[in-house]
>>> print(open('query.cif').read())   # mmCIF, C-alpha atoms
data_coords
loop_
_atom_site.label_atom_id
_atom_site.label_comp_id
_atom_site.auth_asym_id
_atom_site.auth_seq_id
_atom_site.Cartn_x
_atom_site.Cartn_y
_atom_site.Cartn_z
CA MET A 19 0.00 0.00 0.00
CA GLN A 20 1.67 3.19 -1.22
CA ASP A 21 -0.49 5.91 0.34
CA VAL A 22 0.53 6.27 3.98
CA ARG A 23 -2.69 8.15 4.77
CA ILE A 24 -4.88 5.21 3.79
CA ARG A 25 -2.47 2.75 5.39
CA ILE A 26 -2.38 4.41 8.82
CA CYS A 27 -6.11 5.14 8.90
CA ALA A 28 -6.89 1.59 7.78
CA GLY A 29 -4.55 0.14 10.41
CA ALA A 30 -6.13 2.20 13.18
CA ILE A 31 -9.69 1.34 12.15
CA LEU A 32 -8.92 -2.36 11.70
CA SER A 33 -7.20 -2.53 15.09
CA CYS A 34 -10.21 -0.93 16.78
CA SER A 35 -12.58 -3.28 14.95
CA ALA A 36 -10.54 -6.32 15.97
CA PHE A 37 -10.48 -5.12 19.58
CA ILE A 38 -14.24 -4.59 19.74
CA SER A 39 -15.43 -8.09 18.82
CA LEU A 40 -14.54 -11.41 17.25
CA TYR A 41 -16.68 -10.51 14.23
CA GLY A 42 -14.54 -7.41 13.73
CA ALA A 43 -11.37 -9.46 14.24
CA ALA A 44 -12.49 -12.00 11.62
CA ALA A 45 -13.36 -9.25 9.13
CA ALA A 46 -10.05 -7.46 9.81
CA LEU A 47 -8.15 -10.72 9.36
CA LEU A 48 -9.86 -11.30 6.01
CA TRP A 49 -8.91 -7.77 4.93
CA TRP A 50 -5.33 -8.41 6.06
CA LEU A 51 -5.16 -11.62 4.01
CA ILE A 52 -6.47 -9.90 0.87
CA PHE A 53 -4.68 -6.54 0.86
CA THR A 54 -1.34 -7.28 2.54
CA PRO A 55 1.52 -9.69 1.81
CA GLY A 56 0.24 -11.83 4.70
CA LEU A 57 2.88 -13.72 6.63
CA LYS A 58 5.56 -12.26 4.34
CA SER A 59 5.04 -8.93 6.12
CA ILE A 60 6.29 -10.48 9.37
CA VAL A 61 9.98 -9.64 9.25
CA ARG A 62 10.91 -11.51 12.44
CA ILE A 63 9.11 -14.81 12.89
CA ARG A 64 10.79 -15.49 16.25
CA SER A 65 9.61 -12.18 17.69
CA PHE A 66 6.11 -12.82 16.37
CA LEU A 67 6.00 -16.30 17.90
CA GLY A 68 7.27 -14.91 21.19
CA ILE A 69 4.49 -12.31 21.30
CA ILE A 70 1.90 -14.93 20.37
CA PHE A 71 3.22 -17.16 23.16
CA MET A 72 2.77 -14.39 25.74
CA ILE A 73 -0.73 -13.65 24.45
CA ALA A 74 -1.56 -17.36 24.67
CA ILE A 75 -0.51 -17.48 28.34
CA ILE A 76 -2.74 -14.51 29.17
CA ALA A 77 -5.56 -16.07 27.13
CA ILE A 78 -5.32 -19.32 29.10
CA ILE A 79 -5.54 -17.41 32.38
CA LEU A 80 -8.56 -15.43 31.15
CA GLN A 81 -10.22 -18.61 29.90
CA ILE A 82 -9.87 -20.21 33.33
CA LEU A 83 -11.02 -17.14 35.27
CA GLN A 84 -13.61 -15.56 32.98
CA GLY A 85 -14.10 -17.87 30.00
CA SER A 86 -13.09 -15.15 27.53
CA GLY A 87 -9.60 -16.36 26.70
CA ILE A 88 -10.39 -17.58 23.20
CA SER A 89 -11.92 -14.25 22.24
CA TYR A 90 -8.95 -12.38 23.69
CA PHE A 91 -6.43 -14.54 21.87
CA GLY A 92 -8.17 -14.15 18.50
CA ARG A 93 -8.60 -10.39 18.78
CA MET A 94 -5.08 -9.66 20.02
CA THR A 95 -3.49 -11.91 17.39
CA VAL A 96 -5.18 -9.94 14.61
CA ILE A 97 -4.08 -6.65 16.19
CA ILE A 98 -0.48 -7.90 16.32
CA LEU A 99 -0.65 -8.95 12.65
CA ILE A 100 -1.91 -5.52 11.64
CA GLY A 101 0.77 -3.79 13.71
CA MET A 102 3.56 -5.86 12.17
CA TRP A 103 2.21 -5.14 8.70
CA LEU A 104 2.29 -1.39 9.41
CA ALA A 105 5.85 -1.66 10.71
CA ALA A 106 6.96 -3.65 7.66
CA GLU A 107 5.39 -1.17 5.22
CA TYR A 108 6.94 1.89 6.89
CA GLN A 109 9.26 4.06 4.82
CA PRO A 110 11.44 6.81 6.38
CA GLY A 111 9.70 10.18 6.36
CA GLU A 112 6.16 8.87 6.01
CA PHE A 113 5.05 9.70 9.56
CA LEU A 114 6.36 13.24 9.20
CA GLN A 115 4.45 13.74 5.96
CA PHE A 116 1.31 12.22 7.47
CA GLY A 117 1.54 14.42 10.55
CA VAL A 118 1.91 17.59 8.51
CA TRP A 119 -0.96 16.57 6.22
CA LEU A 120 -3.22 15.84 9.19
CA LEU A 121 -2.36 18.57 11.71
CA GLY A 122 -0.34 21.18 9.86
CA ASP A 123 3.18 22.58 10.04
CA TYR A 124 3.25 23.09 13.80
CA ILE A 125 1.58 20.33 15.81
CA GLY A 126 1.67 17.91 12.89
CA PHE A 127 5.35 18.53 12.20
CA GLU A 128 6.22 18.12 15.86
CA LEU A 129 4.29 14.87 16.31
CA GLY A 130 5.54 13.54 12.98
CA LEU A 131 9.13 14.26 13.95
CA ILE A 132 8.65 12.48 17.27
CA ALA A 133 7.19 9.45 15.45
CA GLU A 134 10.11 9.41 12.99
CA MET A 135 12.64 9.54 15.80
CA ALA A 136 10.80 6.76 17.62
CA MET A 137 10.90 4.55 14.53
CA GLN A 138 14.59 5.33 14.07
CA SER A 139 15.21 4.33 17.67
CA PHE A 140 13.28 1.11 17.12
CA VAL A 141 15.43 0.22 14.10
CA THR A 142 18.69 0.95 15.91
CA LEU A 143 17.45 -0.96 18.95
CA ARG A 144 16.80 -4.00 16.78
CA VAL A 145 20.28 -3.73 15.24
CA ASP A 146 21.88 -3.44 18.68
CA LEU A 147 19.98 -6.49 19.86
CA ASP A 148 21.22 -8.48 16.87
CA HIS A 149 24.79 -7.47 17.63
CA ILE A 150 24.44 -8.51 21.28
CA ARG A 151 22.97 -11.87 20.29
CA MET A 152 25.80 -12.40 17.83
CA ALA A 153 28.37 -11.59 20.53
CA LEU A 154 26.72 -14.02 22.94
CA HIS A 155 26.69 -16.70 20.26
CA VAL A 156 30.39 -16.18 19.48
CA LYS A 157 31.27 -16.42 23.17
CA GLY A 158 29.13 -19.52 23.57
CA ILE A 159 26.84 -17.91 26.16
CA PRO A 160 23.23 -19.16 26.01
CA GLU A 161 20.31 -16.72 26.05
CA THR A 162 18.81 -17.13 29.51
CA ILE A 163 17.17 -14.91 32.09
CA LYS A 164 20.62 -14.08 33.49
CA THR A 165 21.67 -12.65 30.12
CA ILE A 166 18.33 -11.09 29.14
CA ILE A 167 18.21 -8.67 32.11
CA PRO A 168 21.71 -7.19 31.56
CA THR A 169 20.99 -7.00 27.84
CA GLY A 170 17.81 -5.05 28.49
CA ASN A 171 19.64 -2.63 30.81
CA LEU A 172 22.35 -2.07 28.20
CA LEU A 173 19.83 -1.39 25.45
CA ILE A 174 17.89 1.07 27.61
CA HIS A 175 21.02 3.01 28.55
CA ARG A 176 22.17 3.16 24.92
CA GLU A 177 18.79 4.45 23.78
CA LEU A 178 18.78 7.13 26.49
CA PHE A 179 22.23 8.33 25.47
CA ARG A 180 21.22 8.27 21.79
CA ALA A 181 18.07 10.29 22.54
CA LYS A 182 20.16 12.89 24.39
CA ASP A 183 22.56 13.12 21.45
CA ASN A 184 19.66 13.65 19.03
CA ALA A 185 18.18 16.37 21.25
CA ASP A 186 21.55 18.14 21.45
CA LEU A 187 21.91 17.91 17.67
CA LEU A 188 18.49 19.48 17.11
CA ALA A 189 19.29 22.24 19.59
CA VAL A 190 22.63 23.00 17.90
CA ARG A 191 20.87 23.26 14.54
CA GLY A 192 18.42 25.78 16.01
CA TYR A 193 15.28 23.65 16.03
CA GLN A 194 12.59 24.99 18.35
CA TYR A 195 9.06 24.09 17.32
CA GLY A 196 7.32 23.08 14.10
CA GLY A 197 8.63 23.28 10.57
CA THR A 198 7.70 23.58 6.90
CA LEU A 199 7.06 20.57 4.72
CA THR A 200 5.05 19.88 1.58
CA PRO A 201 3.73 16.30 1.80
CA VAL A 202 3.71 14.23 -1.38
CA PHE A 203 1.58 11.08 -1.57
CA PHE A 204 1.13 8.40 -4.22
CA THR A 205 -2.26 6.68 -4.40
CA CYS A 206 -3.02 3.68 -6.61
CA LYS A 207 -6.35 2.02 -7.36
CA ARG A 208 -5.60 -0.84 -4.98
CA ASP A 209 -5.18 1.66 -2.13
CA ILE A 210 -8.61 3.14 -2.84
CA VAL A 211 -10.25 -0.30 -3.00
CA ALA A 212 -8.56 -1.33 0.25
CA GLY A 213 -9.71 1.87 1.94
CA LEU A 214 -13.30 1.34 0.82
CA CYS A 215 -13.25 -2.25 2.05
CA VAL A 216 -12.33 -1.00 5.53
CA VAL A 217 -15.85 0.45 5.65
CA ILE A 218 -17.21 -3.08 5.20
CA VAL A 219 -15.11 -4.22 8.16
CA VAL A 220 -16.62 -1.45 10.29
CA ILE A 221 -20.15 -2.44 9.24
CA VAL A 222 -19.49 -6.10 10.11
CA THR A 223 -18.06 -5.03 13.47
CA LEU A 224 -20.96 -2.78 14.45
CA PHE A 225 -23.73 -4.82 12.81
CA PRO A 226 -22.71 -8.51 12.72
CA PHE A 227 -24.43 -10.78 10.23
CA VAL A 228 -25.74 -12.81 13.15
CA ASN A 229 -27.94 -9.87 14.15
CA PHE A 230 -29.30 -9.67 10.60
CA LEU A 231 -30.04 -13.39 10.59
CA TYR A 232 -31.76 -13.12 13.97
CA PHE A 233 -33.79 -10.14 12.75
CA ASP A 234 -34.83 -11.98 9.59
CA SER A 235 -35.91 -15.03 11.58
CA GLU A 236 -38.04 -12.87 13.88
CA VAL A 237 -39.63 -11.16 10.88
CA LEU A 238 -40.46 -14.52 9.29
CA ARG A 239 -42.01 -15.76 12.51
CA GLY A 240 -44.17 -12.64 12.66
CA LEU A 241 -45.30 -13.11 9.09
CA LEU A 242 -46.11 -16.77 9.68
#
>>> encode(input="query.cif", output="structure tokens")
Amino acid sequence: MQDVRIRICAGAILSCSAFISLYGAAAALLWWLIFTPGLKSIVRIRSFLGIIFMIAIIAIILQILQGSGISYFGRMTVIILIGMWLAAEYQPGEFLQFGVWLLGDYIGFELGLIAEMAMQSFVTLRVDLDHIRMALHVKGIPETIKTIIPTGNLLIHRELFRAKDNADLLAVRGYQYGGTLTPVFFTCKRDIVAGLCVVIVVIVTLFPFVNFLYFDSEVLRGLL
């Protein structure tokens, strides 16, 4: 999907639909299968499986306590799939352009810049994690709880120092608030079709087909 406006709006609406009900999650999953690369959009299978494993544990607990674990697992899995698709489709500068298009050169530029810096930090964090894992593998040290905690502390400290360096760099360059940018977007026919189909997902979420079937059965009984 080339148009970041349709992509972000679609991702937000689909995530909300999946969170609301299982019908919305099923409709959002169908949309995800049709208009995205599917499992190819998941860059890191191990990370995805790890997140699914944590969701499954919470779902089991909810199923035992409240009986809603299956619904929780299905809805959260779809939300994770949509989030990973958005992350995989991201191109540098898109959030800044989207922010300026949505909220203007002041608030939009500021929020867009924050989002871009957050995504840059996420990318560098992932690279740092790969380097640490490679170093552990070379040294023959297994990845256990004893190594995960120090690794997490190291990554946090590096990100804090990197954030301070970025702030100092912006200050040296005279950045204060807002900026000027002319957003440029590319929209293809597939983007428009995908955006229109999101409306169908919303309708299915708010008015499930089960309600229509129940209404039709009641009408038939009244006629008979």
>>> closest_atom_pairs(input="query.cif", of="region 72-117 of chain A", to="region 197-201 of chain A", cutoff="12 Å", atoms="all atoms listed in the file", output="CSV")
residue,atom,partner,partner_atom,distance
A:Gly111,CA,A:Pro201,CA,9.7
A:Glu112,CA,A:Pro201,CA,8.9
A:Phe113,CA,A:Pro201,CA,10.3
A:Leu114,CA,A:Pro201,CA,8.4
A:Gln115,CA,A:Pro201,CA,4.9
A:Phe116,CA,A:Pro201,CA,7.4
A:Gly117,CA,A:Pro201,CA,9.2
>>> closest_residue(input="query.cif", among="A:Val202, A:Arg62, A:Ala189, A:Leu147", to="Glu177 (chain A)", atoms="only C-alpha atoms")
A:Leu147
>>> residues_near_point(input="query.cif", point="(8.8, -11.8, 14.3)", cutoff="12 Å", atoms="all atoms listed in the file", output="number ranges by chain")
A: 57-71, 98-99, 101-103, 105-106, 144
>>> write_last_selection(input="query.cif", atoms="C-alpha atoms", output="PDB file, in the frame of the given file")
ATOM      1  CA  LEU A  57       2.880 -13.720   6.630  1.00  0.00           C
ATOM      2  CA  LYS A  58       5.560 -12.260   4.340  1.00  0.00           C
ATOM      3  CA  SER A  59       5.040  -8.930   6.120  1.00  0.00           C
ATOM      4  CA  ILE A  60       6.290 -10.480   9.370  1.00  0.00           C
ATOM      5  CA  VAL A  61       9.980  -9.640   9.250  1.00  0.00           C
ATOM      6  CA  ARG A  62      10.910 -11.510  12.440  1.00  0.00           C
ATOM      7  CA  ILE A  63       9.110 -14.810  12.890  1.00  0.00           C
ATOM      8  CA  ARG A  64      10.790 -15.490  16.250  1.00  0.00           C
ATOM      9  CA  SER A  65       9.610 -12.180  17.690  1.00  0.00           C
ATOM     10  CA  PHE A  66       6.110 -12.820  16.370  1.00  0.00           C
ATOM     11  CA  LEU A  67       6.000 -16.300  17.900  1.00  0.00           C
ATOM     12  CA  GLY A  68       7.270 -14.910  21.190  1.00  0.00           C
ATOM     13  CA  ILE A  69       4.490 -12.310  21.300  1.00  0.00           C
ATOM     14  CA  ILE A  70       1.900 -14.930  20.370  1.00  0.00           C
ATOM     15  CA  PHE A  71       3.220 -17.160  23.160  1.00  0.00           C
ATOM     16  CA  ILE A  98      -0.480  -7.900  16.320  1.00  0.00           C
ATOM     17  CA  LEU A  99      -0.650  -8.950  12.650  1.00  0.00           C
ATOM     18  CA  GLY A 101       0.770  -3.790  13.710  1.00  0.00           C
ATOM     19  CA  MET A 102       3.560  -5.860  12.170  1.00  0.00           C
ATOM     20  CA  TRP A 103       2.210  -5.140   8.700  1.00  0.00           C
ATOM     21  CA  ALA A 105       5.850  -1.660  10.710  1.00  0.00           C
ATOM     22  CA  ALA A 106       6.960  -3.650   7.660  1.00  0.00           C
ATOM     23  CA  ARG A 144      16.800  -4.000  16.780  1.00  0.00           C
TER      24      ARG A 144
END
>>> residues_near_point(input="query.cif", point="(19.4, -2.9, 24.8)", cutoff="10 Å", atoms="only C-alpha atoms", output="PDB file with C-alpha atoms, keeping the file's coordinate frame")
ATOM      1  CA  THR A 142      18.690   0.950  15.910  1.00  0.00           C
ATOM      2  CA  LEU A 143      17.450  -0.960  18.950  1.00  0.00           C
ATOM      3  CA  ARG A 144      16.800  -4.000  16.780  1.00  0.00           C
ATOM      4  CA  VAL A 145      20.280  -3.730  15.240  1.00  0.00           C
ATOM      5  CA  ASP A 146      21.880  -3.440  18.680  1.00  0.00           C
ATOM      6  CA  LEU A 147      19.980  -6.490  19.860  1.00  0.00           C
ATOM      7  CA  ASP A 148      21.220  -8.480  16.870  1.00  0.00           C
ATOM      8  CA  ILE A 150      24.440  -8.510  21.280  1.00  0.00           C
ATOM      9  CA  ILE A 166      18.330 -11.090  29.140  1.00  0.00           C
ATOM     10  CA  ILE A 167      18.210  -8.670  32.110  1.00  0.00           C
ATOM     11  CA  PRO A 168      21.710  -7.190  31.560  1.00  0.00           C
ATOM     12  CA  THR A 169      20.990  -7.000  27.840  1.00  0.00           C
ATOM     13  CA  GLY A 170      17.810  -5.050  28.490  1.00  0.00           C
ATOM     14  CA  ASN A 171      19.640  -2.630  30.810  1.00  0.00           C
ATOM     15  CA  LEU A 172      22.350  -2.070  28.200  1.00  0.00           C
ATOM     16  CA  LEU A 173      19.830  -1.390  25.450  1.00  0.00           C
ATOM     17  CA  ILE A 174      17.890   1.070  27.610  1.00  0.00           C
ATOM     18  CA  HIS A 175      21.020   3.010  28.550  1.00  0.00           C
ATOM     19  CA  ARG A 176      22.170   3.160  24.920  1.00  0.00           C
ATOM     20  CA  GLU A 177      18.790   4.450  23.780  1.00  0.00           C
TER      21      GLU A 177
END
>>> resolve_selection(input="query.cif", expression="the PyMOL selection byres ((chain A and resi 35-48) around 7)", output="PyMOL selection string")
chain A and resi 31-34+49-52+89+93+96-97+219-220+222-223+226
>>> axis_aligned_box(input="query.cif", around="region 203-213 of chain A", padding_each_side="8 Å", output="AutoDock Vina command-line options")
--center_x -4.3 --center_y 4.9 --center_z -2.7 --size_x 27.8 --size_y 28.4 --size_z 25.3
>>> atom_distance(input="query.cif", atom1="CA of His149 (chain A)", atom2="CA of Glu134 (chain A)")
22.8 Å
>>> atom_distance(input="query.cif", atom1="CA of Asp123 (chain A)", atom2="CA of Gly196 (chain A)")
5.8 Å
>>> resolve_selection(input="query.cif", expression="the PyMOL selection byres ((chain A and resi 91) around 9)", output="ChimeraX atom specification")
/A:70,73-74,76-78,86-90,92-96
>>> atom_distance(input="query.cif", atom1="CA of Cys206 (chain A)", atom2="CA of Tyr108 (chain A)")
16.9 Å
>>> resolve_selection(input="query.cif", expression="the PyMOL selection byres ((chain A and resi 135) around 12)", output="ChimeraX atom specification")
/A:110-114,128-134,136-143,177,180-185,188
>>> closest_residue(input="query.cif", among="A:Tyr195, A:Ala30, A:Ile82, A:Phe203", to="Ile125 (chain A)", atoms="only C-alpha atoms")
A:Tyr195
